[in-house]
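Have a look at work38.cif; it's mmCIF, C-alpha atoms and all ligand atoms:
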```cif
data_work
#
loop_
_atom_site.label_atom_id
_atom_site.label_comp_id
_atom_site.auth_asym_id
_atom_site.auth_seq_id
_atom_site.Cartn_x
_atom_site.Cartn_y
_atom_site.Cartn_z
CA MET A 1 -10.65 -40.38 -6.71
CA PHE A 2 -8.62 -43.52 -6.14
CA SER A 3 -7.36 -44.38 -2.68
CA ASN A 4 -6.02 -47.18 -0.62
CA THR A 5 -4.41 -46.72 2.75
CA ASP A 6 -1.10 -45.59 1.31
CA THR A 7 -1.82 -43.43 -1.70
CA ILE A 8 -4.53 -41.05 -2.87
CA THR A 9 -4.82 -40.00 -6.49
CA ILE A 10 -7.03 -37.04 -7.29
CA THR A 11 -7.74 -34.83 -10.28
CA ARG A 12 -4.95 -32.27 -10.40
CA PRO A 13 -5.91 -29.46 -8.00
CA ASP A 14 -6.01 -25.66 -8.40
CA ASP A 15 -5.15 -22.95 -5.91
CA TRP A 16 -7.91 -20.32 -5.94
CA HIS A 17 -5.98 -17.75 -3.85
CA LEU A 18 -2.23 -17.34 -4.23
CA HIS A 19 0.43 -14.65 -3.81
CA LEU A 20 3.29 -15.12 -6.26
CA ARG A 21 4.87 -11.67 -5.80
CA ASP A 22 7.19 -10.42 -8.52
CA GLY A 23 10.84 -10.00 -9.42
CA ALA A 24 13.56 -12.23 -8.03
CA VAL A 25 11.38 -14.48 -5.82
CA LEU A 26 9.03 -15.33 -8.68
CA ASP A 27 11.11 -18.23 -9.96
CA SER A 28 11.02 -20.20 -6.72
CA VAL A 29 7.42 -19.50 -5.74
CA VAL A 30 6.06 -20.27 -9.21
CA ALA A 31 7.98 -23.56 -9.25
CA ASP A 32 6.64 -24.55 -5.81
CA THR A 33 3.03 -23.95 -6.86
CA ALA A 34 3.36 -25.55 -10.30
CA ARG A 35 4.64 -28.76 -8.70
CA GLN A 36 1.20 -29.39 -7.20
CA PHE A 37 -1.35 -27.16 -8.93
CA ALA A 38 -2.46 -26.81 -12.55
CA ARG A 39 -3.87 -23.30 -12.13
CA ALA A 40 -3.94 -20.56 -9.54
CA ILE A 41 -5.79 -17.32 -9.00
CA ILE A 42 -2.94 -14.81 -8.76
CA MET A 43 -3.47 -12.04 -6.23
CA PRO A 44 -2.87 -8.50 -7.52
CA ASN A 45 -1.40 -6.88 -4.35
CA LEU A 46 1.97 -6.04 -5.87
CA LYS A 47 3.71 -2.75 -5.19
CA PRO A 48 2.17 -0.92 -7.06
CA PRO A 49 -0.98 -3.06 -7.34
CA VAL A 50 -2.24 -4.60 -10.59
CA ILE A 51 -5.18 -2.31 -11.35
CA ASN A 52 -5.78 -2.78 -15.07
CA THR A 53 -5.75 -5.49 -17.71
CA ALA A 54 -2.57 -4.24 -19.37
CA GLN A 55 -0.74 -4.63 -16.06
CA ALA A 56 -2.29 -8.06 -15.49
CA LEU A 57 -1.13 -9.24 -18.92
CA ALA A 58 2.37 -7.89 -18.32
CA TYR A 59 2.46 -9.66 -14.94
CA ARG A 60 1.28 -12.87 -16.61
CA ASP A 61 4.19 -12.56 -19.06
CA ARG A 62 6.62 -12.27 -16.15
CA ILE A 63 5.09 -15.38 -14.55
CA ARG A 64 5.36 -17.24 -17.85
CA ALA A 65 9.01 -16.21 -18.16
CA ALA A 66 9.60 -17.60 -14.65
CA LEU A 67 8.01 -20.89 -15.75
CA ASP A 68 10.41 -21.00 -18.69
CA ARG A 69 13.42 -20.37 -16.46
CA ALA A 70 12.25 -23.19 -14.19
CA SER A 71 11.85 -25.48 -17.24
CA ILE A 72 8.13 -25.89 -16.52
CA GLU A 73 6.01 -26.29 -19.63
CA GLN A 74 3.53 -23.45 -20.15
CA ALA A 75 0.76 -26.03 -20.52
CA ALA A 76 1.51 -27.42 -17.05
CA PHE A 77 0.58 -24.28 -15.11
CA THR A 78 -1.88 -21.52 -15.98
CA PRO A 79 -1.89 -18.30 -13.96
CA LEU A 80 -5.44 -16.93 -13.70
CA MET A 81 -5.00 -13.20 -13.34
CA THR A 82 -6.94 -10.76 -11.17
CA LEU A 83 -7.27 -7.00 -10.86
CA TYR A 84 -7.13 -4.96 -7.70
CA LEU A 85 -10.37 -3.03 -7.21
CA THR A 86 -9.85 0.64 -6.40
CA ASP A 87 -12.22 3.55 -5.85
CA ASN A 88 -11.49 4.45 -9.49
CA THR A 89 -12.00 1.10 -11.28
CA SER A 90 -14.29 1.91 -14.23
CA ALA A 91 -17.01 -0.18 -15.87
CA GLN A 92 -14.90 0.04 -19.05
CA GLU A 93 -11.94 -1.51 -17.25
CA VAL A 94 -14.17 -4.37 -16.08
CA LEU A 95 -15.27 -4.90 -19.69
CA THR A 96 -11.66 -4.87 -20.95
CA ALA A 97 -10.73 -7.39 -18.23
CA SER A 98 -13.63 -9.65 -19.09
CA GLU A 99 -12.87 -9.55 -22.83
CA SER A 100 -9.20 -10.36 -22.21
CA ALA A 101 -10.15 -13.88 -21.04
CA ALA A 102 -7.00 -13.62 -18.88
CA VAL A 103 -8.59 -11.90 -15.89
CA HIS A 104 -10.79 -14.15 -13.77
CA GLY A 105 -11.68 -11.96 -10.82
CA ILE A 106 -11.42 -8.52 -9.28
CA LYS A 107 -10.17 -8.34 -5.72
CA LEU A 108 -11.63 -6.16 -3.01
CA TYR A 109 -9.13 -5.15 -0.36
CA PRO A 110 -10.69 -2.77 2.12
CA ALA A 111 -8.10 0.04 2.37
CA GLY A 112 -5.48 -0.88 4.97
CA ALA A 113 -6.80 -4.39 5.67
CA THR A 114 -3.62 -6.33 4.91
CA THR A 115 -0.21 -6.49 3.19
CA ASN A 116 -0.02 -3.91 0.35
CA SER A 117 -3.63 -2.77 0.60
CA ASP A 118 -3.10 0.99 0.83
CA ALA A 119 -4.73 1.50 -2.59
CA GLY A 120 -7.80 -0.46 -1.46
CA VAL A 121 -11.40 0.59 -1.52
CA THR A 122 -12.61 3.21 0.96
CA ASP A 123 -16.37 2.89 0.37
CA LEU A 124 -17.50 -0.10 -1.70
CA LEU A 125 -21.08 0.79 -2.58
CA GLY A 126 -20.39 4.52 -2.64
CA ARG A 127 -17.33 4.42 -4.92
CA CYS A 128 -17.48 1.15 -6.88
CA ALA A 129 -21.15 0.80 -7.87
CA LYS A 130 -20.49 1.15 -11.62
CA ALA A 131 -17.70 -1.41 -11.57
CA LEU A 132 -19.82 -3.82 -9.50
CA GLU A 133 -22.75 -3.41 -11.85
CA ALA A 134 -20.51 -4.27 -14.82
CA MET A 135 -19.04 -7.25 -12.95
CA GLN A 136 -22.49 -8.58 -12.16
CA ARG A 137 -23.56 -8.18 -15.80
CA LEU A 138 -20.42 -9.82 -17.20
CA GLY A 139 -20.17 -12.64 -14.65
CA MET A 140 -16.82 -11.35 -13.36
CA PRO A 141 -16.32 -12.62 -9.79
CA LEU A 142 -15.60 -10.23 -6.93
CA LEU A 143 -12.95 -11.76 -4.65
CA VAL A 144 -13.28 -10.38 -1.18
CA HIS A 145 -10.83 -9.85 1.65
CA GLY A 146 -13.63 -10.00 4.19
CA GLU A 147 -12.46 -7.91 7.11
CA VAL A 148 -13.48 -4.43 8.21
CA THR A 149 -10.62 -2.09 9.00
CA ASP A 150 -12.38 -0.07 11.69
CA PRO A 151 -9.82 0.14 14.52
CA ALA A 152 -12.68 0.11 17.03
CA ILE A 153 -13.52 -3.47 16.03
CA ASP A 154 -11.57 -6.22 17.76
CA LEU A 155 -9.16 -7.91 15.36
CA PHE A 156 -10.78 -11.29 15.94
CA ASP A 157 -14.27 -9.95 15.13
CA ARG A 158 -13.44 -8.18 11.88
CA GLU A 159 -14.72 -10.93 9.59
CA ALA A 160 -18.05 -11.31 11.36
CA VAL A 161 -18.59 -7.54 11.34
CA PHE A 162 -17.68 -7.42 7.64
CA ILE A 163 -20.60 -9.73 6.89
CA ASP A 164 -23.07 -7.32 8.47
CA ARG A 165 -21.51 -4.09 7.27
CA VAL A 166 -20.36 -5.03 3.76
CA MET A 167 -21.47 -8.45 2.50
CA ILE A 168 -25.15 -8.18 3.28
CA PRO A 169 -25.59 -4.66 1.85
CA LEU A 170 -23.43 -5.57 -1.18
CA ARG A 171 -25.45 -8.65 -1.99
CA ARG A 172 -28.72 -6.81 -1.48
CA GLU A 173 -27.65 -4.32 -4.19
CA PHE A 174 -26.04 -6.92 -6.47
CA PRO A 175 -27.79 -10.23 -5.85
CA GLU A 176 -26.44 -11.90 -9.01
CA LEU A 177 -22.82 -10.80 -8.52
CA LYS A 178 -20.48 -13.77 -8.14
CA VAL A 179 -18.64 -13.35 -4.84
CA VAL A 180 -15.81 -15.40 -3.39
CA PHE A 181 -15.32 -14.82 0.32
CA GLU A 182 -11.56 -15.39 0.38
CA HIS A 183 -9.69 -17.16 3.18
CA LEU A 184 -12.75 -17.67 5.35
CA THR A 185 -11.83 -17.98 9.03
CA THR A 186 -14.96 -18.02 11.19
CA ARG A 187 -18.07 -20.00 12.02
CA GLU A 188 -20.10 -16.88 11.17
CA GLY A 189 -18.47 -16.83 7.74
CA VAL A 190 -19.23 -20.50 7.15
CA ASP A 191 -22.87 -20.03 8.18
CA TYR A 192 -23.21 -17.00 5.94
CA VAL A 193 -21.77 -18.71 2.86
CA ARG A 194 -23.81 -21.86 3.41
CA GLN A 195 -27.15 -20.09 3.60
CA ALA A 196 -26.62 -17.13 1.25
CA GLN A 197 -28.88 -16.90 -1.79
CA GLY A 198 -27.15 -16.60 -5.14
CA PRO A 199 -23.61 -17.21 -6.40
CA VAL A 200 -21.47 -17.05 -3.25
CA ALA A 201 -18.51 -19.29 -2.45
CA ALA A 202 -15.47 -19.24 -0.18
CA THR A 203 -11.86 -20.35 -0.18
CA ILE A 204 -10.26 -21.88 2.90
CA THR A 205 -6.53 -22.04 3.64
CA ALA A 206 -4.66 -25.07 4.97
CA HIS A 207 -3.44 -23.13 7.99
CA HIS A 208 -6.95 -22.14 9.08
CA LEU A 209 -7.95 -25.82 8.84
CA LEU A 210 -4.98 -27.04 10.86
CA TYR A 211 -4.39 -24.42 13.53
CA ASN A 212 -6.26 -22.25 15.96
CA ARG A 213 -4.99 -19.03 17.51
CA ASN A 214 -3.05 -20.88 20.22
CA ALA A 215 -0.49 -21.63 17.50
CA LEU A 216 0.47 -17.95 17.52
CA PHE A 217 1.63 -18.13 21.11
CA GLN A 218 2.84 -21.67 21.62
CA GLY A 219 5.88 -21.38 23.92
CA GLY A 220 6.39 -17.76 22.84
CA ILE A 221 5.34 -15.52 19.98
CA ARG A 222 5.37 -17.38 16.65
CA PRO A 223 5.53 -14.95 13.74
CA HIS A 224 5.38 -17.66 11.09
CA TRP A 225 1.81 -18.45 12.13
CA TYR A 226 0.73 -14.83 11.73
CA CYS A 227 -1.46 -14.12 8.73
CA LEU A 228 -4.52 -12.06 7.94
CA PRO A 229 -7.23 -12.82 8.63
CA VAL A 230 -5.60 -13.99 11.84
CA LEU A 231 -6.08 -17.55 13.16
CA LYS A 232 -9.21 -17.84 15.27
CA ARG A 233 -10.56 -19.95 18.17
CA GLU A 234 -10.92 -23.72 17.95
CA THR A 235 -14.69 -23.54 17.41
CA HIS A 236 -14.04 -21.60 14.20
CA ARG A 237 -11.41 -24.05 13.00
CA GLN A 238 -13.90 -26.87 13.49
CA ALA A 239 -16.57 -25.03 11.50
CA LEU A 240 -14.09 -24.52 8.66
CA LEU A 241 -13.06 -28.17 8.69
CA ASP A 242 -16.69 -29.18 8.63
CA ALA A 243 -17.36 -26.89 5.66
CA ALA A 244 -14.26 -27.95 3.69
CA THR A 245 -14.93 -31.67 4.14
CA GLY A 246 -18.74 -31.49 3.89
CA GLN A 247 -21.18 -31.81 1.02
CA SER A 248 -21.47 -28.15 0.01
CA ASP A 249 -19.74 -27.28 -3.25
CA ARG A 250 -19.40 -23.64 -2.16
CA PHE A 251 -16.12 -24.24 -0.36
CA PHE A 252 -12.85 -24.75 -2.18
CA LEU A 253 -9.09 -24.61 -1.85
CA GLY A 254 -7.18 -21.33 -1.66
CA THR A 255 -3.82 -21.50 0.07
CA ASP A 256 -3.23 -17.75 0.49
CA SER A 257 0.42 -18.78 0.39
CA ALA A 258 2.36 -15.53 0.78
CA PRO A 259 6.17 -15.45 0.87
CA HIS A 260 7.75 -12.89 3.17
CA PRO A 261 11.51 -12.74 3.72
CA LYS A 262 12.49 -14.38 7.01
CA GLY A 263 13.85 -11.12 8.42
CA LEU A 264 10.55 -9.32 7.90
CA LYS A 265 8.58 -12.08 9.66
CA GLU A 266 11.00 -12.34 12.58
CA HIS A 267 10.78 -8.64 13.25
CA ALA A 268 9.44 -6.17 15.83
CA CYS A 269 6.53 -5.53 13.43
CA GLY A 270 6.34 -8.81 11.55
CA CYS A 271 4.52 -9.13 8.22
CA ALA A 272 1.27 -11.06 7.83
CA GLY A 273 1.37 -14.14 5.60
CA CYS A 274 2.19 -17.87 5.72
CA TYR A 275 4.18 -19.67 3.04
CA THR A 276 2.46 -22.95 2.16
CA ALA A 277 2.98 -23.32 -1.61
CA LEU A 278 5.76 -25.84 -1.02
CA HIS A 279 3.63 -28.33 0.91
CA ALA A 280 0.04 -27.21 0.35
CA MET A 281 -1.52 -30.52 -0.60
CA GLU A 282 0.29 -32.37 2.18
CA LEU A 283 -1.11 -29.86 4.68
CA TYR A 284 -4.64 -30.14 3.32
CA ALA A 285 -4.43 -33.96 3.27
CA THR A 286 -3.36 -33.87 6.92
CA ALA A 287 -6.36 -31.71 7.80
CA PHE A 288 -8.83 -33.87 5.88
CA GLU A 289 -7.41 -37.07 7.32
CA SER A 290 -7.75 -35.68 10.85
CA VAL A 291 -11.52 -35.98 10.48
CA GLY A 292 -11.46 -39.14 8.36
CA ARG A 293 -12.58 -37.31 5.22
CA LEU A 294 -9.81 -37.83 2.67
CA ASP A 295 -12.63 -38.89 0.35
CA ARG A 296 -13.72 -35.22 0.19
CA LEU A 297 -10.30 -33.82 -0.73
CA GLU A 298 -10.81 -34.05 -4.48
CA ALA A 299 -14.08 -32.10 -4.51
CA PHE A 300 -12.55 -29.36 -2.36
CA ALA A 301 -9.21 -29.17 -4.18
CA SER A 302 -10.10 -30.00 -7.78
CA LEU A 303 -13.84 -29.84 -8.57
CA ASN A 304 -15.70 -27.12 -6.66
CA GLY A 305 -13.43 -24.25 -7.72
CA PRO A 306 -13.65 -24.81 -11.48
CA ALA A 307 -17.42 -25.26 -11.18
CA PHE A 308 -17.80 -21.88 -9.50
CA TYR A 309 -15.43 -20.09 -11.89
CA GLY A 310 -16.99 -21.76 -14.95
CA LEU A 311 -13.75 -23.44 -16.02
CA PRO A 312 -13.11 -27.05 -17.03
CA VAL A 313 -11.80 -29.55 -14.52
CA ASN A 314 -8.10 -30.39 -15.03
CA GLN A 315 -7.09 -33.41 -17.06
CA GLY A 316 -4.04 -34.41 -15.02
CA LYS A 317 -3.78 -36.19 -11.68
CA LEU A 318 -1.89 -35.68 -8.45
CA THR A 319 -0.88 -38.55 -6.20
CA LEU A 320 -0.15 -38.21 -2.51
CA GLN A 321 1.69 -40.99 -0.76
CA ARG A 322 1.66 -41.83 2.91
CA GLN A 323 5.26 -41.28 3.97
CA PRO A 324 7.05 -39.09 6.50
CA TYR A 325 7.82 -35.67 5.06
CA SER A 326 10.02 -33.22 6.96
CA ILE A 327 9.21 -29.63 6.17
CA PRO A 328 12.46 -27.72 5.51
CA GLU A 329 13.54 -25.11 8.06
CA GLU A 330 14.15 -22.48 5.40
CA LEU A 331 13.87 -22.06 1.66
CA PRO A 332 16.48 -19.92 -0.08
CA MET A 333 14.68 -17.29 -2.12
CA ALA A 334 16.38 -14.59 -4.16
CA ASP A 335 18.85 -12.88 -1.80
CA SER A 336 16.95 -13.92 1.33
CA SER A 337 15.04 -16.94 2.59
CA VAL A 338 11.46 -17.85 3.43
CA VAL A 339 10.42 -19.99 6.39
CA PRO A 340 7.60 -22.30 5.32
CA LEU A 341 4.64 -22.86 7.63
CA ALA A 342 5.36 -25.54 10.25
CA ALA A 343 9.07 -25.53 9.32
CA GLY A 344 10.99 -28.40 10.85
CA GLU A 345 7.83 -30.40 11.59
CA SER A 346 6.91 -33.67 9.96
CA LEU A 347 3.80 -34.51 7.94
CA GLY A 348 2.44 -37.95 7.08
CA TRP A 349 1.86 -37.33 3.36
CA LYS A 350 4.04 -36.40 0.41
CA ALA A 351 2.88 -35.36 -3.04
CA LEU A 352 4.67 -37.30 -5.76
CA ALA A 353 6.38 -35.24 -8.44
C1 LIG B 1 -1.18 -11.60 2.29
C2 LIG B 1 0.11 -11.10 1.69
O1 LIG B 1 1.16 -11.23 2.33
O2 LIG B 1 0.09 -10.59 0.57
N1 LIG B 1 -1.00 -11.81 3.69
C3 LIG B 1 -1.75 -12.59 4.49
O3 LIG B 1 -1.55 -12.57 5.70
N2 LIG B 1 -2.68 -13.38 4.01
C4 LIG B 1 -2.28 -10.66 2.00
C5 LIG B 1 -3.66 -11.20 2.25
O4 LIG B 1 -4.14 -12.09 1.54
O5 LIG B 1 -4.31 -10.73 3.18
ZN ZN B 2 -4.13 -13.44 0.30
#
```

Would you encode the structure as C-alpha cells?
Ligand code: NCD
Ligand code: ZN
Amino acid sequence: MFSNTDTITITRPDDWHLHLRDGAVLDSVVADTARQFARAIIMPNLKPPVINTAQALAYRDRIRAALDRASIEQAAFTPLMTLYLTDNTSAQEVLTASESAAVHGIKLYPAGATTNSDAGVTDLLGRCAKALEAMQRLGMPLLVHGEVTDPAIDLFDREAVFIDRVMIPLRREFPELKVVFEHLTTREGVDYVRQAQGPVAATITAHHLLYNRNALFQGGIRPHWYCLPVLKRETHRQALLDAATGQSDRFFLGTDSAPHPKGLKEHACGCAGCYTALHAMELYATAFESVGRLDRLEAFASLNGPAFYGLPVNQGKLTLQRQPYSIPEELPMADSSVVPLAAGESLGWKALA
C-alpha cells in the first residue's frame, strides 16, 4: 500500500458479498461495482433463487452481457457465482458446482430470514447433511446469513442466538467446512469468529462499520438505513471496527450492497437493504480513517478475502483521493430510482476512475 496524506493506493479490492439483482437494473449496478472492484461474490437470492449450477452459469452470462452493454471489459470484472442452499440441494449438485469452477460458495439463508429467502433452509443439519458433507470434502465454502428466524427471539439478538443454535452445532459436525459468517454485526459474532477453530471467516459491511442503530431513528424513521441484519448498538459497531482494522486475516470486505427501488424503501413495510456499490470504498475509507487505521484497508479489502477463498490477489490498483465527495440524492435505475446510503451527505474520499 502506498499512502501520503492525500491519496491511498491499494491492490484492487473485491466485494465478497454483493446483490446485483437481475433484469433491467443489472446494467447500472454492475457498472457501479466494476468501477471499484475486480471481483464480487454474487448473491443468489433472485426470484426464483439460483439453486443449481446451470442457473448460476446463465446468470453469469446475463451479468457478462451487462458488462458488455456498459463497455466494461470482461477482464476488468469477474462475477464469482454462488448457489442458494435449499432443503433439497444434493451432494451431486455440490460436485457439479465445484467442477464448474464458476461457483465459489453456497449460501445458507434460514427460511424467512431476509429479502427473497422463502426457499431457504428449514433445518440445516437435518435436511442438508449430505450437501454439507460434500462441501466440506470439496472445499466449497458455506456462506451464512447468520440470524435465527424464531419470532420469539428479539430482532437484535438473532445473530448471537444463531451462533449457539446453528454455528456451534454445524461446526461440531463439519469442523473442516469453510464457513463465511456474512455481514457480521455483533461483538458476539466477532468474538466467535476470532476464536473459532478451523476455516471460519466473516465479511463486514461499510454501513455496520459506520453506523449504529440510532441511525435508523435520527429525527424520524430512516428507511434507507434499514438492512438485515439490522444495525446494532454502538458497542457492536466498535467491535466490528476493531476486527476490520485489526491484525486478524479472518475479516474481509463484503458490502451487502442491495438495490431496492425508492418506493419500496419509503413504504409502510419498507424493504431491507442498503445500496453502497456506488461509494463502497469511500465509505470503508471513512470508517478506517475514523480510527486512524487506513494502513489496514488493503488487507481487509484486497488480501484477506482471496486468501480465504484460495484465489490470487488482483493485479490492478485502486487509488482513493482525499477530496469532498457529495453522495447523490438518487440514482436513476431502470424505470425507478435507488437512494444510495447516506444520500446527500458528503464524504472526505473519492475513488479515482
Ligand atoms: C439483502 C437483499 O436485499 O437482498 N438485504 C439486506 O438487508 N441485506 C438480503 C440480505 O443479504 O440479507
Ligand atoms: Zn446480502

Rows by chain and residue number, segment 221-298 of chain A within 12 Å of segment 169-190 of chain A, shortest pair, all atoms listed in the file, as a Markdown table:
```
| residue | atom | partner | partner_atom | distance |
| --- | --- | --- | --- | --- |
| A:Cys227 | CA | A:His183 | CA | 10.4 |
| A:Leu228 | CA | A:His183 | CA | 8.7 |
| A:Pro229 | CA | A:Thr185 | CA | 6.9 |
| A:Val230 | CA | A:Thr185 | CA | 7.9 |
| A:Leu231 | CA | A:Thr185 | CA | 7.1 |
| A:Lys232 | CA | A:Thr185 | CA | 6.8 |
| A:Arg233 | CA | A:Thr186 | CA | 8.5 |
| A:Glu234 | CA | A:Thr186 | CA | 9.7 |
| A:Thr235 | CA | A:Arg187 | CA | 7.3 |
| A:His236 | CA | A:Thr186 | CA | 4.8 |
| A:Arg237 | CA | A:Thr186 | CA | 7.2 |
| A:Gln238 | CA | A:Arg187 | CA | 8.2 |
| A:Ala239 | CA | A:Arg187 | CA | 5.3 |
| A:Leu240 | CA | A:Val190 | CA | 6.7 |
| A:Leu241 | CA | A:Val190 | CA | 10.0 |
| A:Asp242 | CA | A:Val190 | CA | 9.2 |
| A:Ala243 | CA | A:Val190 | CA | 6.8 |
| A:Ala244 | CA | A:Val190 | CA | 9.6 |
| A:Gly246 | CA | A:Val190 | CA | 11.5 |
| A:Ser248 | CA | A:Val190 | CA | 10.7 |
| A:Arg250 | CA | A:Val180 | CA | 9.1 |
| A:Phe251 | CA | A:Val190 | CA | 8.9 |
| A:Phe252 | CA | A:Glu182 | CA | 9.8 |
| A:Leu253 | CA | A:His183 | CA | 9.0 |
| A:Gly254 | CA | A:His183 | CA | 6.9 |
| A:Thr255 | CA | A:His183 | CA | 7.9 |
| A:Asp256 | CA | A:His183 | CA | 7.0 |
| A:Ser257 | CA | A:His183 | CA | 10.6 |
| A:Gly273 | CA | A:His183 | CA | 11.7 |
```

- Task: Could you tell me, counting only C-alpha atoms and all ligand atoms, which protein and nucleic acid residues lie no more than 12 Å from ligand ZN 2 (chain B), written as a ChimeraX atom specification?
- Result: /A:15-21,41-46,107-109,113-117,143-146,181-184,203-205,227-230,254-259,272-276

Under the rule that all atoms listed in the file are counted, which of A:Ser28, A:Gln195, A:Ser100, A:Thr78 is the nearest residue to Asn52 of chain A?
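Checking each of A:Ser28, A:Gln195, A:Ser100, A:Thr78 against Asn52 of chain A, counting all atoms listed in the file, the winner is A:Ser100.
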
Padded axis-aligned box of ligand LIG 1 (chain B) (5 Å per side), centre and edge lengths, Å, one decimal, as lines of an AutoDock Vina configuration file:
```
center_x = -1.6
center_y = -12.0
center_z = 3.1
size_x = 15.5
size_y = 12.8
size_z = 15.1
```

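One finds atom CA of Ile10 of chain A at 5.6 Å from atom CA of Glu298 of chain A.
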
Thr89 of chain A proximity check over A:His207, A:Arg60, A:Arg12, A:Lys130, using only C-alpha atoms: winner is A:Lys130

In Å and to one decimal, atom CA of Ala91 of chain A is distant from atom CA of Ala131 of chain A by 4.5 Å
